[in-house]
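Read the structure below first, then the notes.
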Amino acid sequence: MISGTLCDKYGRKFLLLLSALLFAVSSLAIAMTSVFHTFVAWRIAGGIAIGLASNLSPMYIAEIAPAQVRGKLVSVNQLTIVIGILLAQFMN
């Protein structure tokens, strides 16, 4: 709900760039922290980045993709998300 409102106000491209920045900062902060509370806070920030990216990327792809490949590209995007989750489960 929040990403849709922010998207209408600031645009999809800006929020996707913000999400990428939040991914990078949170992953570096998680790697460098030694305090549990800050670890949890940066994990939450990473979760917000995941939520933004997974919500906005299909809409952005659908906006910029040519009509003949639009559905294929959105489907591949969803497939890569599922494969990433599966690989994360195997790693854990």
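How things are named: the first chain in the structure tokens is A, the next is B, and so on; residues count from 1 in each chain; ligands count from 1 in the order shown.
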
* For Leu16 of chain A, list every protein, DNA or RNA residue within 9 Å, evaluated using only C-alpha atoms, and leave out those in the same chain fewer than 5 positions away; present the list as a list in words. => Gly11, Leu21, Ala49, Leu52, Ala53, Leu56, Ser57 and Tyr60 of chain A

* **Selection: 12 Å around Ala20 of chain A, only C-alpha atoms, excl. self and same-chain fewer than 2 positions, as number ranges by chain** => A: 13-18, 22-27, 45-54, 56-57

* Long-range neighbours of Gln78 of chain A as a ChimeraX atom specification, 12 Å cut-off, only C-alpha atoms, 2 positions minimum in chain -> /A:53-59,61,71-76,80-85

Could you dump the residues just selected with N, CA, C and O atoms as an mmCIF file, in the first residue's frame?
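In the end it all went to out_16.cif:
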```cif
data_model
loop_
_atom_site.group_PDB
_atom_site.id
_atom_site.type_symbol
_atom_site.label_atom_id
_atom_site.label_comp_id
_atom_site.auth_asym_id
_atom_site.auth_seq_id
_atom_site.Cartn_x
_atom_site.Cartn_y
_atom_site.Cartn_z
ATOM 1 N N ALA A 53 11.149 -3.267 -4.295
ATOM 2 C CA ALA A 53 11.597 -3.808 -5.580
ATOM 3 C C ALA A 53 10.620 -4.834 -6.146
ATOM 4 O O ALA A 53 10.317 -4.814 -7.340
ATOM 5 N N SER A 54 10.126 -5.715 -5.307
ATOM 6 C CA SER A 54 9.224 -6.754 -5.819
ATOM 7 C C SER A 54 7.862 -6.195 -6.205
ATOM 8 O O SER A 54 7.179 -6.762 -7.052
ATOM 9 N N ASN A 55 7.472 -5.090 -5.614
ATOM 10 C CA ASN A 55 6.210 -4.448 -5.960
ATOM 11 C C ASN A 55 6.319 -3.588 -7.208
ATOM 12 O O ASN A 55 5.416 -3.577 -8.038
ATOM 13 N N LEU A 56 7.411 -2.858 -7.336
ATOM 14 C CA LEU A 56 7.526 -1.863 -8.397
ATOM 15 C C LEU A 56 8.137 -2.392 -9.685
ATOM 16 O O LEU A 56 7.843 -1.872 -10.754
ATOM 17 N N SER A 57 9.000 -3.389 -9.611
ATOM 18 C CA SER A 57 9.679 -3.850 -10.824
ATOM 19 C C SER A 57 8.730 -4.400 -11.887
ATOM 20 O O SER A 57 8.910 -4.086 -13.070
ATOM 21 N N PRO A 58 7.701 -5.192 -11.559
ATOM 22 C CA PRO A 58 6.794 -5.633 -12.632
ATOM 23 C C PRO A 58 6.059 -4.465 -13.300
ATOM 24 O O PRO A 58 5.878 -4.467 -14.521
ATOM 25 N N MET A 59 5.690 -3.476 -12.521
ATOM 26 C CA MET A 59 5.004 -2.318 -13.104
ATOM 27 C C MET A 59 5.949 -1.524 -13.999
ATOM 28 O O MET A 59 5.559 -1.075 -15.082
ATOM 29 N N ILE A 61 8.660 -2.659 -15.564
ATOM 30 C CA ILE A 61 8.910 -3.470 -16.760
ATOM 31 C C ILE A 61 7.738 -3.356 -17.727
ATOM 32 O O ILE A 61 7.928 -3.192 -18.934
ATOM 33 N N GLY A 71 4.567 -9.296 -21.484
ATOM 34 C CA GLY A 71 4.168 -10.395 -20.599
ATOM 35 C C GLY A 71 5.313 -11.346 -20.313
ATOM 36 O O GLY A 71 5.471 -11.819 -19.184
ATOM 37 N N LYS A 72 6.121 -11.613 -21.330
ATOM 38 C CA LYS A 72 7.263 -12.510 -21.155
ATOM 39 C C LYS A 72 8.264 -11.928 -20.157
ATOM 40 O O LYS A 72 8.765 -12.633 -19.278
ATOM 41 N N LEU A 73 8.549 -10.650 -20.264
ATOM 42 C CA LEU A 73 9.512 -10.028 -19.364
ATOM 43 C C LEU A 73 9.011 -9.979 -17.919
ATOM 44 O O LEU A 73 9.781 -10.223 -16.980
ATOM 45 N N VAL A 74 7.744 -9.694 -17.735
ATOM 46 C CA VAL A 74 7.186 -9.679 -16.377
ATOM 47 C C VAL A 74 7.200 -11.092 -15.790
ATOM 48 O O VAL A 74 7.515 -11.286 -14.616
ATOM 49 N N SER A 75 6.895 -12.089 -16.621
ATOM 50 C CA SER A 75 6.932 -13.483 -16.149
ATOM 51 C C SER A 75 8.341 -13.910 -15.772
ATOM 52 O O SER A 75 8.547 -14.587 -14.749
ATOM 53 N N VAL A 76 9.333 -13.533 -16.580
ATOM 54 C CA VAL A 76 10.726 -13.868 -16.267
ATOM 55 C C VAL A 76 11.153 -13.184 -14.974
ATOM 56 O O VAL A 76 11.881 -13.772 -14.155
ATOM 57 N N THR A 80 12.536 -15.213 -11.745
ATOM 58 C CA THR A 80 13.830 -14.987 -11.098
ATOM 59 C C THR A 80 13.675 -14.722 -9.607
ATOM 60 O O THR A 80 14.532 -15.122 -8.817
ATOM 61 N N ILE A 81 12.589 -14.086 -9.209
ATOM 62 C CA ILE A 81 12.328 -13.879 -7.780
ATOM 63 C C ILE A 81 12.127 -15.219 -7.077
ATOM 64 O O ILE A 81 12.710 -15.482 -6.018
ATOM 65 N N VAL A 82 11.337 -16.085 -7.680
ATOM 66 C CA VAL A 82 11.071 -17.399 -7.089
ATOM 67 C C VAL A 82 12.347 -18.238 -7.033
ATOM 68 O O VAL A 82 12.623 -18.904 -6.029
ATOM 69 N N ILE A 83 13.145 -18.200 -8.085
ATOM 70 C CA ILE A 83 14.413 -18.944 -8.091
ATOM 71 C C ILE A 83 15.351 -18.403 -7.016
ATOM 72 O O ILE A 83 16.031 -19.172 -6.322
ATOM 73 N N GLY A 84 15.387 -17.092 -6.848
ATOM 74 C CA GLY A 84 16.219 -16.496 -5.799
ATOM 75 C C GLY A 84 15.792 -16.936 -4.408
ATOM 76 O O GLY A 84 16.633 -17.237 -3.559
ATOM 77 N N ILE A 85 14.501 -16.984 -4.172
ATOM 78 C CA ILE A 85 14.000 -17.457 -2.878
ATOM 79 C C ILE A 85 14.354 -18.923 -2.673
ATOM 80 O O ILE A 85 14.789 -19.329 -1.579
#
```

* To do: Would you mind reading off the distance between atom CA of Ser3 of chain A and atom CA of Glu63 of chain A, one decimal, in Å?
  =>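 Rounded to one decimal, the two atoms are 16.5 Å apart.
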